[in-house]
$ cat input.cif   # mmCIF, C-alpha atoms
data_data
loop_
_atom_site.label_atom_id
_atom_site.label_comp_id
_atom_site.auth_asym_id
_atom_site.auth_seq_id
_atom_site.Cartn_x
_atom_site.Cartn_y
_atom_site.Cartn_z
CA MET A 1 21.93 -4.42 -2.70
CA GLY A 2 18.38 -5.01 -3.87
CA GLY A 3 17.32 -1.39 -4.39
CA PHE A 4 15.58 -0.43 -7.61
CA THR A 5 14.95 2.43 -10.00
CA ILE A 6 11.50 2.44 -11.58
CA ARG A 7 11.70 2.62 -15.36
CA GLU A 8 7.99 2.38 -16.13
CA ILE A 9 4.65 1.38 -14.64
CA ARG A 10 2.03 -0.37 -16.77
CA LEU A 11 -1.68 -0.60 -16.00
CA TYR A 12 -4.23 -3.14 -17.23
CA ARG A 13 -7.90 -2.44 -16.54
CA VAL A 14 -9.96 -5.62 -16.77
CA LEU A 15 -13.58 -6.72 -16.32
CA VAL A 16 -14.13 -10.39 -15.42
CA PRO A 17 -17.49 -12.10 -14.76
CA LEU A 18 -17.88 -13.88 -11.43
CA LYS A 19 -18.63 -17.58 -11.40
CA ASN A 20 -21.62 -16.86 -9.15
CA HIS A 21 -23.18 -13.55 -8.13
CA PHE A 22 -21.89 -12.20 -4.79
CA SER A 23 -24.80 -10.63 -2.91
CA THR A 24 -24.99 -8.71 0.36
CA HIS A 25 -27.53 -6.18 1.63
CA LEU A 26 -25.23 -3.51 0.16
CA GLN A 27 -24.83 -4.74 -3.42
CA THR A 28 -24.85 -7.67 -5.83
CA VAL A 29 -21.57 -8.06 -7.71
CA LYS A 30 -21.91 -9.90 -11.02
CA GLU A 31 -18.59 -8.94 -12.59
CA ARG A 32 -15.35 -7.62 -11.14
CA GLU A 33 -13.51 -4.66 -12.58
CA SER A 34 -9.94 -4.21 -11.45
CA ILE A 35 -6.55 -2.71 -12.30
CA PHE A 36 -3.40 -4.82 -12.53
CA VAL A 37 -0.05 -3.06 -12.11
CA GLU A 38 3.34 -3.97 -13.54
CA MET A 39 6.20 -1.99 -11.98
CA VAL A 40 9.34 -2.38 -14.11
CA ASP A 41 12.86 -1.47 -12.98
CA LEU A 42 15.93 -0.59 -15.08
CA GLU A 43 16.96 -4.26 -15.30
CA GLY A 44 13.55 -5.29 -16.56
CA GLU A 45 12.45 -6.97 -13.32
CA VAL A 46 8.69 -6.73 -12.80
CA GLY A 47 6.69 -6.36 -9.60
CA LEU A 48 2.91 -6.89 -9.57
CA GLY A 49 0.11 -5.08 -7.76
CA GLU A 50 -3.70 -5.09 -7.93
CA CYS A 51 -6.19 -2.33 -7.19
CA VAL A 52 -9.16 -3.68 -5.21
CA ALA A 53 -11.57 -0.74 -5.55
CA PHE A 54 -15.00 -1.49 -7.02
CA SER A 55 -16.63 0.04 -10.10
CA SER A 56 -19.03 2.22 -8.11
CA PRO A 57 -18.78 3.76 -4.62
CA TRP A 58 -21.08 1.29 -2.82
CA TYR A 59 -18.31 -0.03 -0.56
CA THR A 60 -15.71 2.75 -0.41
CA GLU A 61 -15.56 6.27 -1.80
CA GLU A 62 -12.76 5.21 -4.14
CA THR A 63 -13.72 3.50 -7.39
CA VAL A 64 -11.78 1.89 -10.22
CA GLN A 65 -12.15 5.12 -12.19
CA THR A 66 -10.93 7.41 -9.39
CA CYS A 67 -7.98 5.07 -8.82
CA TRP A 68 -7.17 5.03 -12.54
CA ASP A 69 -7.21 8.83 -12.63
CA ALA A 70 -5.02 9.11 -9.53
CA LEU A 71 -2.55 6.55 -10.85
CA VAL A 72 -2.19 8.07 -14.30
CA ASN A 73 -2.22 11.74 -13.36
CA TRP A 74 -0.38 11.91 -10.03
CA LEU A 75 0.95 8.71 -8.52
CA ILE A 76 2.81 7.09 -11.41
CA PRO A 77 4.50 10.36 -12.48
CA ALA A 78 5.79 10.71 -8.91
CA LEU A 79 7.56 7.32 -9.11
CA VAL A 80 8.96 6.90 -12.62
CA ASP A 81 12.75 7.41 -12.85
CA LYS A 82 13.02 7.50 -9.06
CA GLU A 83 15.45 5.28 -7.15
CA PHE A 84 14.42 3.47 -3.95
CA THR A 85 16.45 1.42 -1.52
CA HIS A 86 13.37 -0.16 0.09
CA PRO A 87 9.67 -0.45 -0.87
CA SER A 88 8.57 1.30 2.32
CA GLU A 89 10.04 4.49 0.81
CA VAL A 90 7.62 4.49 -2.12
CA SER A 91 4.68 5.97 -0.21
CA ALA A 92 6.74 9.03 0.71
CA ALA A 93 7.14 9.84 -2.99
CA PHE A 94 3.42 10.49 -3.32
CA SER A 95 2.73 11.79 0.16
CA HIS A 96 1.67 15.07 -1.45
CA VAL A 97 -1.44 13.27 -2.77
CA LYS A 98 -4.13 13.15 -0.10
CA GLY A 99 -6.18 10.01 0.44
CA ASN A 100 -6.48 7.69 -2.56
CA ARG A 101 -5.24 4.81 -0.38
CA MET A 102 -6.56 2.08 -2.67
CA ALA A 103 -4.76 3.59 -5.65
CA LYS A 104 -1.58 3.93 -3.61
CA ALA A 105 -1.87 0.38 -2.30
CA CYS A 106 -1.41 -1.31 -5.67
CA LEU A 107 1.81 0.62 -6.28
CA ASP A 108 3.11 -0.08 -2.79
CA GLN A 109 2.42 -3.79 -3.25
CA ALA A 110 4.08 -3.86 -6.66
CA ALA A 111 7.17 -2.29 -5.08
CA TRP A 112 7.28 -5.00 -2.40
CA ASP A 113 7.00 -7.73 -5.03
CA LEU A 114 9.73 -6.09 -7.10
CA PHE A 115 12.00 -5.72 -4.07
CA ALA A 116 11.53 -9.38 -3.11
CA MET A 117 12.35 -10.37 -6.69
CA LYS A 118 15.56 -8.34 -6.50
CA LYS A 119 16.42 -10.06 -3.22
CA ASP A 120 15.62 -13.46 -4.78
CA LEU A 121 13.32 -14.22 -1.85
CA PRO A 122 9.64 -15.16 -1.57
CA LEU A 123 7.82 -12.12 -0.21
CA TRP A 124 6.60 -14.05 2.83
CA LYS A 125 10.20 -14.82 3.79
CA LEU A 126 11.27 -11.22 3.20
CA LEU A 127 8.51 -10.19 5.63
CA ASP A 128 9.86 -12.69 8.22
CA GLY A 129 6.86 -14.98 7.93
CA VAL A 130 6.90 -18.04 10.16
CA ARG A 131 4.48 -20.36 8.34
CA ASN A 132 4.53 -21.65 4.79
CA GLU A 133 0.95 -22.92 4.90
CA ILE A 134 -2.06 -20.65 5.44
CA ASP A 135 -5.43 -21.86 6.74
CA ALA A 136 -8.18 -21.45 4.15
CA GLY A 137 -11.42 -19.58 4.81
CA VAL A 138 -14.37 -19.12 2.50
CA VAL A 139 -17.12 -16.48 2.25
CA LEU A 140 -20.66 -17.68 1.49
CA THR A 141 -23.68 -15.52 0.70
CA GLY A 142 -27.38 -16.26 0.82
CA GLY A 143 -30.01 -17.12 3.41
CA VAL A 144 -29.62 -19.69 6.18
CA ASP A 145 -31.54 -22.41 4.35
CA ASP A 146 -31.02 -25.85 2.83
CA ARG A 147 -28.88 -24.38 0.09
CA MET A 148 -26.59 -22.76 2.66
CA VAL A 149 -26.39 -26.01 4.64
CA SER A 150 -25.27 -27.72 1.44
CA SER A 151 -22.71 -24.97 0.73
CA VAL A 152 -21.25 -25.28 4.23
CA ARG A 153 -21.04 -29.05 3.84
CA LYS A 154 -19.19 -28.64 0.53
CA ALA A 155 -16.80 -26.15 2.13
CA ARG A 156 -16.09 -28.55 4.97
CA ASP A 157 -15.51 -31.41 2.52
CA ALA A 158 -13.12 -29.19 0.56
CA GLY A 159 -11.10 -28.69 3.74
CA TYR A 160 -12.02 -25.13 4.68
CA LYS A 161 -11.42 -24.43 8.36
CA ARG A 162 -13.65 -21.36 8.50
CA VAL A 163 -16.86 -20.13 6.93
CA LYS A 164 -17.95 -16.50 6.87
CA LEU A 165 -21.65 -15.80 6.33
CA LYS A 166 -23.33 -12.51 5.47
CA ILE A 167 -26.03 -11.21 7.84
CA ASP A 168 -28.98 -9.30 6.43
CA ALA A 169 -32.40 -8.22 7.74
CA ASP A 170 -33.84 -11.69 7.07
CA THR A 171 -31.14 -13.70 8.87
CA ASN A 172 -32.69 -15.72 11.71
CA PRO A 173 -30.26 -16.12 14.65
CA VAL A 174 -31.99 -19.32 15.78
CA GLU A 175 -31.54 -20.95 12.37
CA LEU A 176 -27.98 -19.62 12.27
CA LYS A 177 -27.22 -21.32 15.60
CA LYS A 178 -28.54 -24.62 14.22
CA LEU A 179 -26.19 -24.28 11.26
CA VAL A 180 -23.21 -23.46 13.50
CA ASP A 181 -24.00 -26.36 15.84
CA SER A 182 -24.20 -28.76 12.90
CA SER A 183 -20.56 -28.09 12.01
CA ALA A 184 -18.79 -27.90 15.35
CA ASP A 185 -15.41 -28.60 13.73
CA MET A 186 -15.50 -25.30 11.78
CA LEU A 187 -15.20 -21.66 12.78
CA PHE A 188 -18.12 -19.41 11.83
CA PHE A 189 -17.74 -15.66 11.27
CA ALA A 190 -20.77 -13.46 10.54
CA ASP A 191 -20.30 -10.29 8.51
CA ALA A 192 -22.99 -7.65 8.98
CA ASN A 193 -21.59 -4.89 6.72
CA GLY A 194 -23.26 -2.29 8.97
CA ILE A 195 -26.81 -3.70 8.74
CA PHE A 196 -27.47 -3.07 12.45
CA ASP A 197 -27.51 0.67 11.81
CA LYS A 198 -31.03 -0.16 10.60
CA LEU A 199 -31.85 -3.13 12.84
CA GLY A 200 -30.52 -1.75 16.13
CA LEU A 201 -28.47 -3.04 19.06
CA ASP A 202 -31.24 -5.22 20.47
CA ALA A 203 -31.42 -7.10 17.16
CA LEU A 204 -27.66 -7.58 17.24
CA LYS A 205 -27.80 -9.03 20.75
CA ARG A 206 -30.05 -11.83 19.47
CA PHE A 207 -26.99 -13.19 17.62
CA ASP A 208 -24.94 -13.43 20.81
CA GLN A 209 -26.09 -17.01 21.44
CA ALA A 210 -25.49 -18.24 17.89
CA GLY A 211 -22.06 -19.69 18.69
CA LEU A 212 -20.19 -17.41 16.30
CA THR A 213 -16.43 -16.93 16.56
CA LEU A 214 -17.00 -13.21 15.90
CA ILE A 215 -19.39 -10.71 14.35
CA GLU A 216 -17.80 -8.43 11.79
CA GLN A 217 -18.77 -4.76 11.40
CA PRO A 218 -22.28 -4.78 12.90
CA PHE A 219 -22.59 -0.98 12.56
CA GLY A 220 -21.41 1.60 10.02
CA ASP A 221 -17.88 2.76 9.32
CA ASP A 222 -17.95 5.67 11.76
CA GLU A 223 -20.27 4.22 14.41
CA TRP A 224 -17.56 3.88 17.02
CA ALA A 225 -19.92 4.53 19.95
CA MET A 226 -22.36 1.82 18.86
CA HIS A 227 -19.55 -0.68 18.40
CA TRP A 228 -18.33 0.14 21.90
CA LYS A 229 -21.82 -0.47 23.31
CA ALA A 230 -22.02 -3.78 21.44
CA GLY A 231 -18.70 -4.88 22.87
CA GLN A 232 -19.79 -4.00 26.38
CA SER A 233 -23.07 -5.90 26.17
CA MET A 234 -22.09 -9.02 24.21
CA GLU A 235 -19.83 -12.02 24.69
CA THR A 236 -19.28 -12.57 20.97
CA PRO A 237 -16.15 -10.65 19.88
CA ILE A 238 -16.72 -7.60 17.68
CA ALA A 239 -14.45 -7.28 14.65
CA LEU A 240 -13.97 -3.98 12.81
CA ASP A 241 -13.56 -4.07 9.06
CA GLU A 242 -14.87 -1.05 7.15
CA SER A 243 -13.98 1.15 10.14
CA ILE A 244 -10.27 0.35 9.61
CA ARG A 245 -9.43 2.55 6.62
CA SER A 246 -6.01 3.69 7.81
CA VAL A 247 -3.32 3.28 10.43
CA LEU A 248 -4.98 6.10 12.39
CA ASP A 249 -8.21 4.10 12.53
CA ALA A 250 -6.31 1.11 13.90
CA GLU A 251 -4.74 3.33 16.56
CA ARG A 252 -8.17 4.69 17.46
CA MET A 253 -9.52 1.18 17.83
CA ALA A 254 -6.62 0.19 20.08
CA THR A 255 -6.85 3.22 22.37
CA SER A 256 -10.64 3.41 22.61
CA GLY A 257 -11.33 -0.22 23.42
CA VAL A 258 -13.83 -0.48 20.55
CA GLY A 259 -13.82 -4.04 19.26
CA SER A 260 -11.29 -6.78 19.92
CA VAL A 261 -10.54 -8.06 16.41
CA VAL A 262 -8.98 -6.22 13.46
CA VAL A 263 -10.00 -7.15 9.93
CA LEU A 264 -7.00 -6.07 7.86
CA LYS A 265 -7.49 -5.25 4.19
CA PRO A 266 -4.11 -4.10 2.85
CA GLY A 267 -5.56 -3.03 -0.50
CA ARG A 268 -7.90 -0.58 1.25
CA ILE A 269 -5.50 1.05 3.73
CA GLY A 270 -2.54 1.82 1.45
CA GLY A 271 -0.74 -1.47 0.86
CA THR A 272 1.81 -3.67 2.57
CA THR A 273 3.76 -0.81 4.18
CA GLU A 274 0.69 0.47 5.99
CA ALA A 275 -0.51 -3.06 6.74
CA LEU A 276 2.70 -3.82 8.62
CA LYS A 277 2.04 -0.79 10.85
CA VAL A 278 -1.48 -2.01 11.63
CA ILE A 279 -0.14 -5.48 12.42
CA GLU A 280 2.29 -3.95 14.91
CA ILE A 281 -0.51 -1.94 16.54
CA ALA A 282 -2.55 -5.12 16.93
CA LYS A 283 0.41 -6.91 18.46
CA GLU A 284 1.17 -4.14 20.94
CA ASN A 285 -2.46 -3.92 22.06
CA ASP A 286 -3.34 -7.64 22.18
CA LEU A 287 -5.88 -7.36 19.38
CA ALA A 288 -6.65 -10.43 17.32
CA ILE A 289 -6.14 -9.88 13.59
CA TRP A 290 -6.98 -11.56 10.32
CA ILE A 291 -7.03 -10.63 6.63
CA GLY A 292 -10.28 -9.86 4.85
CA GLY A 293 -10.98 -10.28 1.15
CA MET A 294 -12.26 -7.91 -1.52
CA ILE A 295 -13.39 -10.40 -4.21
CA GLU A 296 -9.88 -10.04 -5.51
CA PHE A 297 -7.80 -11.81 -8.12
CA GLY A 298 -4.62 -13.79 -7.57
CA ILE A 299 -2.21 -10.87 -7.30
CA SER A 300 -3.89 -9.24 -4.31
CA LYS A 301 -4.50 -12.66 -2.77
CA ALA A 302 -0.80 -13.57 -3.12
CA HIS A 303 0.23 -10.36 -1.36
CA ASN A 304 -2.28 -11.03 1.42
CA LEU A 305 -1.12 -14.62 1.83
CA ALA A 306 2.47 -13.42 2.31
CA LEU A 307 1.30 -11.14 5.14
CA ALA A 308 -0.77 -13.95 6.67
CA SER A 309 2.46 -15.91 7.22
CA LEU A 310 3.38 -13.52 10.05
CA PRO A 311 2.94 -14.84 13.61
CA GLN A 312 0.49 -12.12 14.67
CA PHE A 313 -2.35 -13.65 12.64
CA SER A 314 -4.43 -15.90 14.87
CA LEU A 315 -7.60 -16.41 12.80
CA PRO A 316 -8.14 -17.75 9.26
CA GLY A 317 -8.59 -15.04 6.65
CA ASP A 318 -10.69 -14.77 3.50
CA PHE A 319 -8.53 -17.18 1.52
CA SER A 320 -10.50 -19.34 -0.89
CA ALA A 321 -9.47 -21.25 -4.00
CA SER A 322 -9.40 -19.32 -7.28
CA THR A 323 -12.29 -21.47 -8.49
CA HIS A 324 -14.56 -20.12 -5.73
CA PHE A 325 -15.06 -16.79 -7.50
CA TRP A 326 -13.72 -17.33 -11.02
CA HIS A 327 -14.06 -19.51 -14.06
CA GLU A 328 -10.87 -17.79 -15.18
CA ASP A 329 -8.49 -15.79 -12.97
CA PRO A 330 -6.02 -13.88 -15.22
CA VAL A 331 -3.22 -14.82 -12.79
CA GLU A 332 -1.14 -18.00 -12.70
CA PRO A 333 -0.66 -20.28 -10.90
CA SER A 334 -4.13 -20.40 -9.39
CA VAL A 335 -4.78 -20.62 -5.64
CA GLU A 336 -5.56 -24.20 -4.58
CA ILE A 337 -6.71 -25.64 -1.26
CA GLU A 338 -5.07 -28.84 -0.07
CA ASN A 339 -6.10 -30.39 3.25
CA GLY A 340 -7.54 -27.08 4.37
CA VAL A 341 -4.45 -24.98 3.69
CA ILE A 342 -2.82 -22.95 0.94
CA LYS A 343 0.87 -23.65 0.45
CA LEU A 344 2.95 -20.53 -0.05
CA SER A 345 5.15 -20.24 -3.10
CA LYS A 346 8.89 -20.83 -2.92
CA ARG A 347 9.42 -18.56 -5.93
CA PRO A 348 10.84 -15.04 -5.50
CA GLY A 349 8.32 -12.28 -4.90
CA ILE A 350 4.63 -13.14 -4.58
CA GLY A 351 5.11 -16.18 -6.79
CA VAL A 352 2.49 -15.44 -9.46
CA ASN A 353 2.44 -13.99 -12.97
CA LEU A 354 -0.17 -12.37 -15.17
CA ASN A 355 -1.70 -14.66 -17.77
CA LYS A 356 -1.36 -12.20 -20.63
CA GLU A 357 -3.74 -14.14 -22.86
CA LEU A 358 -6.53 -13.87 -20.28
CA VAL A 359 -5.63 -10.27 -19.46
CA GLU A 360 -6.06 -9.46 -23.15
CA LYS A 361 -9.38 -11.34 -23.22
CA TYR A 362 -10.86 -9.24 -20.39
CA LEU A 363 -8.98 -5.98 -21.06
CA ILE A 364 -10.90 -2.70 -21.08
CA GLU A 365 -8.03 -0.21 -21.12
CA SER A 366 -4.27 -0.13 -20.70
CA TYR A 367 -1.68 2.49 -19.91
#
$ encode --input "input.cif" --output "structure tokens"
Amino acid sequence: MGGFTIREIRLYRVLVPLKNHFSTHLQTVKERESIFVEMVDLEGEVGLGECVAFSSPWYTEETVQTCWDALVNWLIPALVDKEFTHPSEVSAAFSHVKGNRMAKACLDQAAWDLFAMKKDLPLWKLLDGVRNEIDAGVVLTGGVDDRMVSSVRKARDAGYKRVKLKIDADTNPVELKKLVDSSADMLFFADANGIFDKLGLDALKRFDQAGLTLIEQPFGDDEWAMHWKAGQSMETPIALDESIRSVLDAERMATSGVGSVVVLKPGRIGGTTEALKVIEIAKENDLAIWIGGMIEFGISKAHNLALASLPQFSLPGDFSASTHFWHEDPVEPSVEIENGVIKLSKRPGIGVNLNKELVEKYLIESY
């Protein structure tokens, strides 16, 4: 009971302007291109997924275009008219396609949503989640200046329990410490996005006294040795984000002792099925874990929130209100923060729908 046969899979490629530009030392994102997925079964039930690749390969080698090509030419044909008893079986149907994890992820997630709908259960309950409220965390960009102080104050007033700041070559660790000390009731993460490949380990060590909860991805994706050295010479926990591109990467982290915190991005590693494996690895190896964001829309965020209900998550993830990034998110209902938390939906599946009027407004291409 609850299995499904896929009748068709629809794709909607959209381009939506951000409310404010999102800038790091890697790139400035002014508008977000994405692919929404509708997976439809024989009874007409619909499961939703979202591809979180970017338009160009500045963050990962996959892009919206490569994902579109993989979906249309290889992945969707492997699923249509196939019967599945459980969503974890879907990935096996396109195991002949190497890589393309971000393209695969949106189909895997759509299958989980569809399956939960068939079971008439919220996805977070299907996953055996233990909390129906998720702590909110916001990502802020810009220098450590008066404007940032104001942004942190607004985040605190809005109830956010955690702020994540972006480190670049101009970030002053002394000024950062002053900011952290001024808001002792909040957690502060710092995301380096690999900038210390250029700045060096000694520069990283200057941030060890800033009072940060953790420093995320100080070195590049494959700089395992440098991350190990950082962990050996610093008290501030090292979190790996871009280095965790697959279950194998999570296993390598666990066995090598590189870093102590996993930043899980389900949309990058292959979806919910693969994310559950990474969560288990973290549990078995006493690694802290939290969910990172990809400037995503409400579908991806709803899937991530369902995973964040699991007991293994000990730190607030990148979960901000829809209004943080968007004037208009083509997904309803929107994500809202109330007393520092996001309440999970009681509706079956991920609990959100596409706003077809807004999808049409921002549509580039459909399939």
$ residues_near_point --input "input.cif" --point "(-7.7, 8.6, 7.7)" --cutoff "12 Å" --atoms "only C-alpha atoms" --output "MDAnalysis selection string"
chainID A and resid 98:101 221:222 243:252 268:270 274
$ residues_around --input "input.cif" --residues "stretch 331-337 of chain A" --least-positions-apart "5" --cutoff "6 Å" --atoms "all atoms listed in the file" --output "MDAnalysis selection string"
chainID A and resid 298 321:322 342 352:355
$ write_last_selection --input "input.cif" --atoms "C-alpha atoms" --output "compact mmCIF listing (two decimals), in the frame of the given file"
# COMPACT_ATOMS: atom_id res chain seq x y z
CA GLY A 298 -4.62 -13.79 -7.57
CA ALA A 321 -9.47 -21.25 -4.00
CA SER A 322 -9.40 -19.32 -7.28
CA ILE A 342 -2.82 -22.95 0.94
CA VAL A 352 2.49 -15.44 -9.46
CA ASN A 353 2.44 -13.99 -12.97
CA LEU A 354 -0.17 -12.37 -15.17
CA ASN A 355 -1.70 -14.66 -17.77
$ residues_around --input "input.cif" --residues "A:Leu126" --least-positions-apart "2" --cutoff "12 Å" --atoms "all atoms listed in the file" --output "list in words"
Gly2, His86, Pro87, Trp112, Asp113, Leu114, Phe115, Ala116, Met117, Lys118, Lys119, Asp120, Leu121, Pro122, Leu123, Trp124, Asp128, Gly129, Val130, His303, Ala306, Leu307, Ser309, Leu310, Lys346, Arg347, Pro348, Gly349 and Ile350 of chain A
$ residues_around --input "input.cif" --residues "A:Gly257" --least-positions-apart "3" --cutoff "10 Å" --atoms "all atoms listed in the file" --output "PyMOL selection string"
chain A and resi 224+227-228+231-232+252-254+260+285+287
$ resolve_selection --input "input.cif" --expression "the PyMOL selection byres ((chain A and resi 264) around 8)" --output "VMD selection string"
chain A and resid 241 244 262 to 263 265 to 266 275 278 289 to 292
$ closest_residue --input "input.cif" --among "A:Asp191, A:Asp286, A:Asp329, A:Glu89" --to "A:Thr213" --atoms "all atoms listed in the file"
A:Asp191
$ closest_residue --input "input.cif" --among "A:Glu357, A:Asp202, A:Glu31, A:Asp146" --to "A:Pro330" --atoms "only C-alpha atoms"
A:Glu357
$ build_atoms --input "input.cif" --residues "stretch 98-122 of chain A" --atoms "N, CA and C atoms" --output "CSV table (one decimal), in the coordinates of the input"
chain,number,residue,atom,x,y,z
A,98,LYS,N,-3.3,13.5,-1.3
A,98,LYS,CA,-4.1,13.2,-0.1
A,98,LYS,C,-5.0,11.9,-0.4
A,99,GLY,N,-5.3,11.1,0.6
A,99,GLY,CA,-6.2,10.0,0.4
A,99,GLY,C,-5.8,9.1,-0.6
A,100,ASN,N,-6.7,8.6,-1.4
A,100,ASN,CA,-6.5,7.7,-2.6
A,100,ASN,C,-5.7,6.5,-2.1
A,101,ARG,N,-6.0,5.9,-1.0
A,101,ARG,CA,-5.2,4.8,-0.4
A,101,ARG,C,-5.3,3.5,-1.2
A,102,MET,N,-6.4,3.3,-1.9
A,102,MET,CA,-6.6,2.1,-2.7
A,102,MET,C,-5.7,2.2,-3.9
A,103,ALA,N,-5.6,3.4,-4.5
A,103,ALA,CA,-4.8,3.6,-5.6
A,103,ALA,C,-3.3,3.5,-5.2
A,104,LYS,N,-3.0,4.0,-4.1
A,104,LYS,CA,-1.6,3.9,-3.6
A,104,LYS,C,-1.2,2.5,-3.3
A,105,ALA,N,-2.2,1.7,-2.8
A,105,ALA,CA,-1.9,0.4,-2.3
A,105,ALA,C,-1.3,-0.5,-3.4
A,106,CYS,N,-1.9,-0.4,-4.6
A,106,CYS,CA,-1.4,-1.3,-5.7
A,106,CYS,C,0.0,-1.0,-6.1
A,107,LEU,N,0.4,0.3,-6.0
A,107,LEU,CA,1.8,0.6,-6.3
A,107,LEU,C,2.7,0.2,-5.2
A,108,ASP,N,2.3,0.4,-3.9
A,108,ASP,CA,3.1,-0.1,-2.8
A,108,ASP,C,3.3,-1.6,-2.9
A,109,GLN,N,2.3,-2.3,-3.2
A,109,GLN,CA,2.4,-3.8,-3.2
A,109,GLN,C,3.3,-4.2,-4.4
A,110,ALA,N,3.2,-3.5,-5.5
A,110,ALA,CA,4.1,-3.9,-6.7
A,110,ALA,C,5.5,-3.6,-6.3
A,111,ALA,N,5.8,-2.6,-5.5
A,111,ALA,CA,7.2,-2.3,-5.1
A,111,ALA,C,7.7,-3.4,-4.2
A,112,TRP,N,6.9,-3.9,-3.3
A,112,TRP,CA,7.3,-5.0,-2.4
A,112,TRP,C,7.6,-6.3,-3.2
A,113,ASP,N,6.8,-6.6,-4.2
A,113,ASP,CA,7.0,-7.7,-5.0
A,113,ASP,C,8.3,-7.6,-5.8
A,114,LEU,N,8.5,-6.4,-6.4
A,114,LEU,CA,9.7,-6.1,-7.1
A,114,LEU,C,11.0,-6.2,-6.2
A,115,PHE,N,10.9,-5.7,-5.0
A,115,PHE,CA,12.0,-5.7,-4.1
A,115,PHE,C,12.3,-7.2,-3.7
A,116,ALA,N,11.3,-8.0,-3.4
A,116,ALA,CA,11.5,-9.4,-3.1
A,116,ALA,C,12.2,-10.1,-4.3
A,117,MET,N,11.7,-9.8,-5.5
A,117,MET,CA,12.4,-10.4,-6.7
A,117,MET,C,13.8,-10.0,-6.8
A,118,LYS,N,14.2,-8.8,-6.5
A,118,LYS,CA,15.6,-8.3,-6.5
A,118,LYS,C,16.4,-9.1,-5.4
A,119,LYS,N,15.8,-9.3,-4.3
A,119,LYS,CA,16.4,-10.1,-3.2
A,119,LYS,C,16.4,-11.6,-3.4
A,120,ASP,N,15.7,-12.0,-4.5
A,120,ASP,CA,15.6,-13.5,-4.8
A,120,ASP,C,15.0,-14.2,-3.6
A,121,LEU,N,14.0,-13.6,-3.0
A,121,LEU,CA,13.3,-14.2,-1.8
A,121,LEU,C,11.8,-14.2,-2.1
A,122,PRO,N,11.1,-15.3,-1.6
A,122,PRO,CA,9.6,-15.2,-1.6
A,122,PRO,C,9.3,-14.0,-0.7
